[in-house]
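Below: the structure, in structure tokens.
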Amino acid sequence: MTVAVILTRKGRDVVTTTPDSLMSDVCNLLETKGIGAVVISHGGEKVDGIFSERDFVRAIARQGASALERPVRDYMTQNVVTCEPDDKIAEVMQRMTQGKFRHMPVVENGRLAGIISIGDVVKHRIAEAEAEAMAMREYITA
Ligand code: AMP
């Protein structure tokens, strides 16, 4: 199974914001959209960085409330690991586990084409396991 299967179910919309957005605005964005990470992009197509709630905790712990007045570029992760729609879900899960992050932007032909979270991946793996168990039960009882 590939990342494209997850995108078909959840859609390709990605919440982005620019590197010069204020941390206070980014914090509001995460809260109003109910998401754990936002892709940082100048024009909405190229991935310039990613900023997650973990980065927010780190910023506040190190600099206190003054971090809220700084641009998000000061706290975002710049070396973003991305995947492509044709990548296998199991491989993406492994990369997330190894890299200790829970979000991965999907890029297609150099353009942002979606985002998947560890929650999306786990949901998919559970559905797969349930379908296998059901098929096994039907096979045994038939
Ligand atoms: P998360 O688990 O997604 O909240 O992120 C944990 C840390 O990894 C934060 O510093 C994020 O900025 C960073 N991060 C999140 N996603 C990625 C990614 N796809 N590539 C590289 N770093 C990431």
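Chain labels follow the order of the structure tokens: the first chain is A, the next B, and so on; residue numbering restarts at 1 in every chain, and ligands are counted from 1 in their shown order.
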Worksheet entry | helix (DSSP H, G or I) positions in region 10-92 of chain A, given as an MDAnalysis selection string | chainID A and resid 10 23:33 53:69 72:74 89:92
Only N, CA and C atoms, please: the residues just picked out, written as a compact mmCIF listing (two decimals), in the first residue's frame.
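Output contents, as saved in result32.txt:
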# COMPACT_ATOMS: atom_id res chain seq x y z
N LYS A 10 -7.95 11.09 2.89
CA LYS A 10 -7.96 12.32 3.71
C LYS A 10 -7.89 13.61 2.90
N MET A 23 5.17 33.82 15.66
CA MET A 23 4.90 32.61 16.43
C MET A 23 3.51 32.64 17.07
N SER A 24 3.06 33.80 17.52
CA SER A 24 1.73 33.88 18.15
C SER A 24 0.64 33.53 17.13
N ASP A 25 0.82 33.96 15.88
CA ASP A 25 -0.16 33.65 14.83
C ASP A 25 -0.11 32.16 14.46
N VAL A 26 1.10 31.61 14.43
CA VAL A 26 1.24 30.19 14.10
C VAL A 26 0.59 29.33 15.18
N CYS A 27 0.76 29.77 16.43
CA CYS A 27 0.15 29.07 17.56
C CYS A 27 -1.37 29.06 17.40
N ASN A 28 -1.94 30.20 17.04
CA ASN A 28 -3.39 30.30 16.80
C ASN A 28 -3.82 29.42 15.65
N LEU A 29 -2.99 29.37 14.61
CA LEU A 29 -3.30 28.55 13.43
C LEU A 29 -3.39 27.07 13.81
N LEU A 30 -2.42 26.60 14.59
CA LEU A 30 -2.43 25.20 15.02
C LEU A 30 -3.71 24.91 15.82
N GLU A 31 -4.07 25.87 16.67
CA GLU A 31 -5.24 25.66 17.52
C GLU A 31 -6.54 25.69 16.70
N THR A 32 -6.71 26.70 15.84
CA THR A 32 -7.98 26.82 15.10
C THR A 32 -8.15 25.70 14.07
N LYS A 33 -7.05 25.24 13.51
CA LYS A 33 -7.14 24.15 12.52
C LYS A 33 -7.14 22.77 13.18
N GLU A 53 4.05 21.34 17.30
CA GLU A 53 3.80 21.74 18.69
C GLU A 53 5.03 21.47 19.56
N ARG A 54 5.84 20.48 19.18
CA ARG A 54 7.07 20.20 19.94
C ARG A 54 8.06 21.37 19.82
N ASP A 55 8.12 21.99 18.64
CA ASP A 55 9.00 23.16 18.46
C ASP A 55 8.50 24.32 19.30
N PHE A 56 7.17 24.39 19.40
CA PHE A 56 6.57 25.48 20.19
C PHE A 56 6.96 25.33 21.67
N VAL A 57 6.83 24.11 22.18
CA VAL A 57 7.19 23.85 23.58
C VAL A 57 8.67 24.21 23.82
N ARG A 58 9.53 23.82 22.87
CA ARG A 58 10.97 24.10 22.99
C ARG A 58 11.23 25.61 23.01
N ALA A 59 10.55 26.34 22.12
CA ALA A 59 10.74 27.79 22.03
C ALA A 59 10.33 28.49 23.33
N ILE A 60 9.18 28.09 23.86
CA ILE A 60 8.69 28.73 25.09
C ILE A 60 9.59 28.36 26.28
N ALA A 61 10.01 27.09 26.31
CA ALA A 61 10.87 26.65 27.42
C ALA A 61 12.19 27.42 27.41
N ARG A 62 12.72 27.70 26.22
CA ARG A 62 14.03 28.36 26.14
C ARG A 62 13.96 29.88 26.22
N GLN A 63 12.91 30.47 25.64
CA GLN A 63 12.89 31.93 25.56
C GLN A 63 11.69 32.59 26.22
N GLY A 64 10.79 31.77 26.76
CA GLY A 64 9.62 32.32 27.42
C GLY A 64 8.67 32.99 26.42
N ALA A 65 7.79 33.84 26.94
CA ALA A 65 6.73 34.45 26.13
C ALA A 65 7.27 35.33 25.00
N SER A 66 8.53 35.79 25.12
CA SER A 66 9.09 36.67 24.07
C SER A 66 9.19 35.93 22.74
N ALA A 67 9.22 34.59 22.78
CA ALA A 67 9.29 33.80 21.54
C ALA A 67 8.05 34.05 20.67
N LEU A 68 6.95 34.39 21.31
CA LEU A 68 5.69 34.61 20.57
C LEU A 68 5.78 35.76 19.58
N GLU A 69 6.69 36.69 19.84
CA GLU A 69 6.84 37.87 18.97
C GLU A 69 7.88 37.67 17.88
N VAL A 72 8.42 32.58 12.84
CA VAL A 72 8.48 31.11 12.97
C VAL A 72 9.76 30.55 12.34
N ARG A 73 10.36 31.29 11.42
CA ARG A 73 11.60 30.80 10.78
C ARG A 73 12.71 30.55 11.81
N ASP A 74 12.63 31.29 12.95
CA ASP A 74 13.65 31.13 13.99
C ASP A 74 13.54 29.78 14.71
N ILE A 89 3.69 2.79 2.59
CA ILE A 89 3.30 3.29 3.91
C ILE A 89 4.20 2.71 5.01
N ALA A 90 4.55 1.43 4.87
CA ALA A 90 5.40 0.79 5.89
C ALA A 90 6.77 1.49 5.95
N GLU A 91 7.30 1.91 4.80
CA GLU A 91 8.60 2.59 4.78
C GLU A 91 8.51 3.97 5.43
N VAL A 92 7.41 4.66 5.13
CA VAL A 92 7.21 6.00 5.70
C VAL A 92 7.11 5.91 7.22
Worksheet entry | Nearby polymer residues, ligand 1, at most 6 Å, only C-alpha atoms and all ligand atoms, as a ChimeraX atom specification | /A:50-55,76-77,79-82,101-104
Discussion item. Which residues are near region 117-127 of chain A? Cut-off 12 Å, only C-alpha atoms, ignore same chain within fewer than 4 positions. Put them as a PyMOL selection string.
Written reply: chain A and resi 1-11+14+35-38+52+82-83+88-97+99-106+131-134
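The gap separating CA of Gln98 (chain A) from CA of Thr18 (chain A) is 27.7 Å, in Å to one decimal.
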Worksheet, complete the sentence: One decimal place gives the CA of Asp86 (chain A)-CA of Pro19 (chain A) separation as 28.5 Å
Worksheet item: From the set A:Arg70, A:Leu22, A:Pro85, A:His42, which residue has the shortest atom-to-atom contact distance to Ala113 (chain A), counting only C-alpha atoms?
Response: A:Pro85
Practice prompt. Determine which residues of region 16-108 of chain A DSSP labels as strand (DSSP E) from the backbone of this structure, then write them out as a ChimeraX atom specification.
Written response: /A:16-17,37-40,49-52,103-108
